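Below is the file work_11.pdb, which contains PDB, C-alpha atoms, pLDDT in the B column.
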```
ATOM      1  CA  MET A   1    -137.495  68.817  48.826  1.00 33.00           C
ATOM      2  CA  LYS A   2    -134.720  69.377  46.284  1.00 39.00           C
ATOM      3  CA  SER A   3    -135.896  72.424  44.317  1.00 44.00           C
ATOM      4  CA  LYS A   4    -138.810  74.558  43.177  1.00 54.00           C
ATOM      5  CA  LYS A   5    -139.430  75.782  39.653  1.00 73.00           C
ATOM      6  CA  ASN A   6    -142.408  77.567  38.163  1.00 81.00           C
ATOM      7  CA  PHE A   7    -143.899  76.612  34.800  1.00 88.00           C
ATOM      8  CA  ASP A   8    -146.529  78.151  32.537  1.00 90.00           C
ATOM      9  CA  LEU A   9    -148.051  74.702  32.060  1.00 90.00           C
ATOM     10  CA  ILE A  10    -147.593  71.221  33.510  1.00 89.00           C
ATOM     11  CA  ILE A  11    -148.759  68.314  31.346  1.00 93.00           C
ATOM     12  CA  ILE A  12    -149.481  65.035  33.080  1.00 90.00           C
ATOM     13  CA  GLY A  13    -148.683  62.092  30.825  1.00 91.00           C
ATOM     14  CA  ALA A  14    -146.405  61.584  27.830  1.00 92.00           C
ATOM     15  CA  GLY A  15    -148.810  59.858  25.477  1.00 90.00           C
ATOM     16  CA  PRO A  16    -149.644  61.259  22.029  1.00 90.00           C
ATOM     17  CA  ALA A  17    -152.009  63.927  23.441  1.00 93.00           C
ATOM     18  CA  GLY A  18    -149.562  65.079  26.119  1.00 95.00           C
ATOM     19  CA  LEU A  19    -146.586  65.169  23.754  1.00 95.00           C
ATOM     20  CA  THR A  20    -148.556  66.974  21.035  1.00 95.00           C
ATOM     21  CA  SER A  21    -149.666  69.558  23.601  1.00 97.00           C
ATOM     22  CA  ALA A  22    -146.082  69.952  24.792  1.00 97.00           C
ATOM     23  CA  ILE A  23    -144.876  70.589  21.233  1.00 97.00           C
ATOM     24  CA  TYR A  24    -147.501  73.308  20.686  1.00 97.00           C
ATOM     25  CA  VAL A  25    -146.806  74.985  24.028  1.00 96.00           C
ATOM     26  CA  GLY A  26    -143.040  74.772  23.503  1.00 96.00           C
ATOM     27  CA  ARG A  27    -143.389  76.361  20.057  1.00 97.00           C
ATOM     28  CA  ALA A  28    -145.269  79.225  21.729  1.00 97.00           C
ATOM     29  CA  ASN A  29    -142.155  79.849  23.880  1.00 96.00           C
ATOM     30  CA  LEU A  30    -143.924  78.951  27.118  1.00 95.00           C
ATOM     31  CA  ASN A  31    -142.165  77.116  29.922  1.00 94.00           C
ATOM     32  CA  VAL A  32    -143.699  73.632  30.064  1.00 93.00           C
ATOM     33  CA  LEU A  33    -143.079  70.488  32.091  1.00 93.00           C
ATOM     34  CA  VAL A  34    -144.261  66.995  31.108  1.00 94.00           C
ATOM     35  CA  ILE A  35    -144.595  64.553  34.009  1.00 91.00           C
ATOM     36  CA  GLU A  36    -144.284  60.945  32.884  1.00 89.00           C
ATOM     37  CA  LYS A  37    -143.989  57.587  34.581  1.00 83.00           C
ATOM     38  CA  GLU A  38    -140.763  55.742  33.942  1.00 78.00           C
ATOM     39  CA  GLY A  39    -140.885  53.066  31.239  1.00 70.00           C
ATOM     40  CA  ILE A  40    -144.641  52.482  31.224  1.00 72.00           C
ATOM     41  CA  GLY A  41    -147.592  53.714  29.245  1.00 75.00           C
ATOM     42  CA  SER A  42    -149.671  52.358  26.428  1.00 79.00           C
ATOM     43  CA  LEU A  43    -147.633  54.219  23.800  1.00 81.00           C
ATOM     44  CA  LEU A  44    -144.323  52.725  24.942  1.00 81.00           C
ATOM     45  CA  MET A  45    -145.820  49.259  25.232  1.00 80.00           C
ATOM     46  CA  ALA A  46    -147.639  49.253  21.875  1.00 85.00           C
ATOM     47  CA  HIS A  47    -146.084  46.852  19.376  1.00 86.00           C
ATOM     48  CA  LYS A  48    -147.482  48.771  16.403  1.00 91.00           C
ATOM     49  CA  ILE A  49    -149.798  51.746  16.007  1.00 89.00           C
ATOM     50  CA  ASP A  50    -151.725  51.657  12.735  1.00 90.00           C
ATOM     51  CA  ASN A  51    -154.078  54.585  13.191  1.00 88.00           C
ATOM     52  CA  TYR A  52    -151.766  57.557  13.752  1.00 84.00           C
ATOM     53  CA  SER A  53    -151.748  60.290  11.100  1.00 86.00           C
ATOM     54  CA  GLY A  54    -148.686  60.383   8.868  1.00 89.00           C
ATOM     55  CA  PHE A  55    -147.705  56.738   9.365  1.00 90.00           C
ATOM     56  CA  SER A  56    -149.748  54.812   6.784  1.00 91.00           C
ATOM     57  CA  ASP A  57    -147.734  51.614   7.367  1.00 93.00           C
ATOM     58  CA  GLY A  58    -147.941  51.934  11.142  1.00 92.00           C
ATOM     59  CA  ILE A  59    -145.168  52.701  13.612  1.00 93.00           C
ATOM     60  CA  PRO A  60    -143.965  50.993  16.798  1.00 92.00           C
ATOM     61  CA  GLY A  61    -145.210  52.856  19.870  1.00 90.00           C
ATOM     62  CA  LYS A  62    -141.728  53.355  21.287  1.00 90.00           C
ATOM     63  CA  GLU A  63    -140.503  54.860  18.012  1.00 93.00           C
ATOM     64  CA  LEU A  64    -143.458  57.272  17.879  1.00 93.00           C
ATOM     65  CA  TYR A  65    -142.785  58.277  21.505  1.00 92.00           C
ATOM     66  CA  GLU A  66    -139.093  58.914  20.758  1.00 94.00           C
ATOM     67  CA  LYS A  67    -139.881  61.017  17.664  1.00 95.00           C
ATOM     68  CA  MET A  68    -142.460  63.099  19.504  1.00 94.00           C
ATOM     69  CA  LYS A  69    -140.237  63.597  22.560  1.00 95.00           C
ATOM     70  CA  LYS A  70    -137.309  64.637  20.344  1.00 97.00           C
ATOM     71  CA  GLN A  71    -139.507  67.252  18.687  1.00 97.00           C
ATOM     72  CA  ALA A  72    -140.737  68.527  22.070  1.00 97.00           C
ATOM     73  CA  LEU A  73    -137.151  68.787  23.369  1.00 98.00           C
ATOM     74  CA  LYS A  74    -136.280  70.849  20.278  1.00 97.00           C
ATOM     75  CA  TYR A  75    -138.734  73.475  21.589  1.00 97.00           C
ATOM     76  CA  GLY A  76    -137.337  73.492  25.114  1.00 96.00           C
ATOM     77  CA  VAL A  77    -139.926  71.268  26.799  1.00 97.00           C
ATOM     78  CA  ASN A  78    -138.863  69.930  30.217  1.00 95.00           C
ATOM     79  CA  PHE A  79    -139.485  66.284  31.120  1.00 94.00           C
ATOM     80  CA  ARG A  80    -139.632  64.737  34.573  1.00 90.00           C
ATOM     81  CA  LYS A  81    -140.039  61.039  35.360  1.00 88.00           C
ATOM     82  CA  SER A  82    -142.059  60.956  38.545  1.00 84.00           C
ATOM     83  CA  THR A  83    -145.270  59.882  40.213  1.00 79.00           C
ATOM     84  CA  LEU A  84    -147.906  62.528  40.683  1.00 79.00           C
ATOM     85  CA  LEU A  85    -149.197  62.631  44.255  1.00 76.00           C
ATOM     86  CA  GLY A  86    -151.834  65.313  43.826  1.00 76.00           C
ATOM     87  CA  ILE A  87    -152.700  68.811  42.663  1.00 76.00           C
ATOM     88  CA  VAL A  88    -153.661  71.657  44.968  1.00 73.00           C
ATOM     89  CA  THR A  89    -155.091  74.954  43.667  1.00 71.00           C
ATOM     90  CA  ASP A  90    -154.852  78.088  45.790  1.00 69.00           C
ATOM     91  CA  LEU A  91    -155.365  81.802  44.972  1.00 67.00           C
ATOM     92  CA  GLY A  92    -154.874  81.498  41.218  1.00 67.00           C
ATOM     93  CA  LYS A  93    -151.766  79.301  41.440  1.00 67.00           C
ATOM     94  CA  THR A  94    -151.598  75.555  41.045  1.00 68.00           C
ATOM     95  CA  ALA A  95    -149.002  73.539  42.941  1.00 67.00           C
ATOM     96  CA  THR A  96    -148.324  70.064  41.601  1.00 65.00           C
ATOM     97  CA  TYR A  97    -146.789  67.775  44.189  1.00 63.00           C
ATOM     98  CA  LEU A  98    -144.291  65.155  43.099  1.00 64.00           C
ATOM     99  CA  VAL A  99    -142.461  62.497  45.074  1.00 57.00           C
ATOM    100  CA  GLU A 100    -139.200  64.409  45.619  1.00 61.00           C
ATOM    101  CA  GLU A 101    -140.157  68.027  45.043  1.00 65.00           C
ATOM    102  CA  ILE A 102    -142.863  70.593  44.404  1.00 61.00           C
ATOM    103  CA  ARG A 103    -143.426  72.072  40.951  1.00 64.00           C
ATOM    104  CA  LYS A 104    -145.783  74.967  40.274  1.00 65.00           C
ATOM    105  CA  ALA A 105    -147.749  76.062  37.222  1.00 66.00           C
ATOM    106  CA  LYS A 106    -149.745  79.221  36.603  1.00 68.00           C
ATOM    107  CA  ALA A 107    -153.500  78.805  36.836  1.00 61.00           C
ATOM    108  CA  GLU A 108    -155.763  80.814  34.530  1.00 58.00           C
ATOM    109  CA  LYS A 109    -159.261  81.835  35.608  1.00 50.00           C
TER     110      LYS A 109
END
```
Could I get this structure in the form of structure tokens?
Amino acid sequence: MKSKKNFDLIIIGAGPAGLTSAIYVGRANLNVLVIEKEGIGSLLMAHKIDNYSGFSDGIPGKELYEKMKKQALKYGVNFRKSTLLGIVTDLGKTATYLVEEIRKAKAEK
């Protein structure tokens, strides 16, 4: 295990929903981590997305991903390329287990 770090929120997946959530949470000055798989996902593999608001002529999935990630980074969002092994909840805290390390997020009741 390399290190431990606590987050207010951990988002699993860097698709449009995950990245949009990360932007909102980052703007609220909360400490957020997005866990994403390396180089795969329907957004990255999409040749063109025609039904996303604000892009009436469509946009390549990779370009949309890059724009959204850039905006999330602007608000201090942390990204980690990893494979999620599982989530364990105990006494109001949630520990998210990754391949190389353990990351923790606060759990709200």
Please indicate the distance in Å from CA of Leu43 (chain A) to CA of Asn6 (chain A), rounded to one decimal place.
27.9 Å
Close residues, Gly76 (chain A) itself excluded, 10 Å, only C-alpha atoms, min 2 positions apart in chain, as a PyMOL selection string:
chain A and resi 22-23+25-27+29-33+71-74+78-79
Name the closest residue to Ile10 (chain A) among the candidates A:Leu84, A:Phe55, A:Lys48, A:Ile40; distances are taken between atoms, counting all atoms listed in the file.
A:Leu84
Output as lines of an AutoDock Vina configuration file the centre and edge lengths (Å, one decimal) of the box along x, y and z of the file that holds every listed atom of region 53-64 of chain A after adding 4 Å on each side.
```
center_x = -146.1
center_y = 55.7
center_z = 14.0
size_x = 19.2
size_y = 17.4
size_z = 22.5
```
Just the residues within 12 Å of Tyr52 (chain A), please, counting all atoms listed in the file, with nothing from its chain fewer than 6 positions along; format it as an NGL selection string.
:A and (16-17 or 43 or 58-61 or 64-65)
Result set, the PyMOL selection byres ((chain A and resi 38) around 10) on current file, as a list in words
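With the PyMOL selection byres ((chain A and resi 38) around 10) on this model, the match is Ile35, Glu36, Lys37, Gly39, Ile40, Gly41, Arg80, Lys81, Ser82 and Thr83 of chain A.
Between CA of Ala46 (chain A) and CA of Gly15 (chain A) lies a distance of 11.3 Å.
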Just the number, please: distance in Å from CA of Glu66 (chain A) to CA of Ala14 (chain A), one decimal.
10.5 Å
So which one's closest to Ala28 (chain A), A:Ile87, A:Asn51, A:Leu9, A:Lys62? Using all atoms listed in the file, please.
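Closest residue, counting all atoms listed in the file: A:Leu9.
For the choices A:Ile12, A:Val88, A:Glu63, A:Met68, the atom-to-atom distance to Met45 (chain A) is smallest for A:Glu63 when using all atoms listed in the file.
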Which one of A:Ile49, A:Gly54, A:Thr89, A:Asp8 sits closest to Val77 (chain A) if you count all atoms listed in the file?
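Using all atoms listed in the file, the shortest distance to Val77 (chain A) belongs to A:Asp8.
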Please extract region 17-43 of chain A and write it out with N, CA, C and O atoms, as a compact mmCIF listing (two decimals), in the first residue's frame.
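As written to disk, result11.txt reads:
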```
# COMPACT_ATOMS: atom_id res chain seq x y z
N ALA A 17 -21.75 11.69 -16.74
CA ALA A 17 -22.37 11.86 -15.42
C ALA A 17 -21.32 12.03 -14.33
O ALA A 17 -21.43 12.91 -13.47
N GLY A 18 -20.28 11.18 -14.36
CA GLY A 18 -19.23 11.27 -13.36
C GLY A 18 -18.46 12.58 -13.44
O GLY A 18 -18.17 13.21 -12.42
N LEU A 19 -18.13 13.00 -14.65
CA LEU A 19 -17.37 14.25 -14.82
C LEU A 19 -18.21 15.46 -14.47
O LEU A 19 -17.72 16.42 -13.85
N THR A 20 -19.50 15.45 -14.82
CA THR A 20 -20.38 16.56 -14.44
C THR A 20 -20.49 16.65 -12.93
O THR A 20 -20.40 17.73 -12.35
N SER A 21 -20.65 15.51 -12.27
CA SER A 21 -20.70 15.48 -10.80
C SER A 21 -19.41 16.02 -10.21
O SER A 21 -19.43 16.81 -9.25
N ALA A 22 -18.29 15.62 -10.77
CA ALA A 22 -16.99 16.08 -10.27
C ALA A 22 -16.85 17.59 -10.39
O ALA A 22 -16.32 18.25 -9.50
N ILE A 23 -17.33 18.15 -11.49
CA ILE A 23 -17.26 19.61 -11.68
C ILE A 23 -18.09 20.31 -10.60
O ILE A 23 -17.63 21.27 -9.97
N TYR A 24 -19.32 19.84 -10.36
CA TYR A 24 -20.16 20.46 -9.34
C TYR A 24 -19.54 20.35 -7.95
O TYR A 24 -19.54 21.31 -7.18
N VAL A 25 -19.03 19.19 -7.61
CA VAL A 25 -18.43 18.98 -6.29
C VAL A 25 -17.15 19.81 -6.14
O VAL A 25 -16.90 20.41 -5.10
N GLY A 26 -16.35 19.85 -7.20
CA GLY A 26 -15.13 20.67 -7.17
C GLY A 26 -15.44 22.14 -6.98
O GLY A 26 -14.76 22.84 -6.24
N ARG A 27 -16.49 22.62 -7.66
CA ARG A 27 -16.89 24.03 -7.53
C ARG A 27 -17.36 24.34 -6.11
O ARG A 27 -17.29 25.49 -5.67
N ALA A 28 -17.84 23.33 -5.40
CA ALA A 28 -18.29 23.51 -4.01
C ALA A 28 -17.12 23.42 -3.03
O ALA A 28 -17.33 23.39 -1.82
N ASN A 29 -15.90 23.37 -3.56
CA ASN A 29 -14.67 23.30 -2.75
C ASN A 29 -14.60 22.06 -1.87
O ASN A 29 -14.06 22.10 -0.77
N LEU A 30 -15.15 20.94 -2.36
CA LEU A 30 -15.01 19.68 -1.66
C LEU A 30 -13.88 18.88 -2.31
O LEU A 30 -13.57 19.05 -3.49
N ASN A 31 -13.27 18.02 -1.53
CA ASN A 31 -12.16 17.21 -2.00
C ASN A 31 -12.72 15.95 -2.66
O ASN A 31 -13.30 15.10 -1.99
N VAL A 32 -12.57 15.84 -3.98
CA VAL A 32 -13.19 14.75 -4.73
C VAL A 32 -12.15 13.98 -5.53
O VAL A 32 -11.17 14.54 -6.01
N LEU A 33 -12.39 12.68 -5.65
CA LEU A 33 -11.55 11.79 -6.45
C LEU A 33 -12.43 11.10 -7.47
O LEU A 33 -13.50 10.59 -7.13
N VAL A 34 -11.99 11.09 -8.73
CA VAL A 34 -12.67 10.33 -9.79
C VAL A 34 -11.80 9.13 -10.11
O VAL A 34 -10.61 9.28 -10.43
N ILE A 35 -12.37 7.93 -10.00
CA ILE A 35 -11.66 6.70 -10.36
C ILE A 35 -12.09 6.33 -11.77
O ILE A 35 -13.28 6.19 -12.04
N GLU A 36 -11.12 6.19 -12.66
CA GLU A 36 -11.43 5.84 -14.05
C GLU A 36 -10.52 4.73 -14.53
O GLU A 36 -9.40 4.60 -14.07
N LYS A 37 -11.04 3.94 -15.46
CA LYS A 37 -10.20 2.91 -16.08
C LYS A 37 -9.37 3.57 -17.17
O LYS A 37 -9.81 4.51 -17.82
N GLU A 38 -8.20 3.06 -17.38
CA GLU A 38 -7.28 3.65 -18.35
C GLU A 38 -7.70 3.35 -19.79
O GLU A 38 -7.82 2.20 -20.19
N GLY A 39 -7.95 4.43 -20.56
CA GLY A 39 -8.14 4.33 -22.00
C GLY A 39 -9.39 3.63 -22.49
O GLY A 39 -9.50 3.39 -23.68
N ILE A 40 -10.33 3.30 -21.59
CA ILE A 40 -11.56 2.66 -22.07
C ILE A 40 -12.76 3.40 -21.52
O ILE A 40 -12.66 4.20 -20.61
N GLY A 41 -13.89 3.12 -22.09
CA GLY A 41 -15.14 3.75 -21.69
C GLY A 41 -15.88 4.19 -22.93
O GLY A 41 -15.26 4.52 -23.95
N SER A 42 -17.18 4.16 -22.85
CA SER A 42 -17.97 4.47 -24.04
C SER A 42 -17.76 5.90 -24.52
O SER A 42 -17.81 6.17 -25.71
N LEU A 43 -17.49 6.83 -23.61
CA LEU A 43 -17.25 8.22 -24.02
C LEU A 43 -15.97 8.33 -24.84
O LEU A 43 -15.95 8.94 -25.91
```
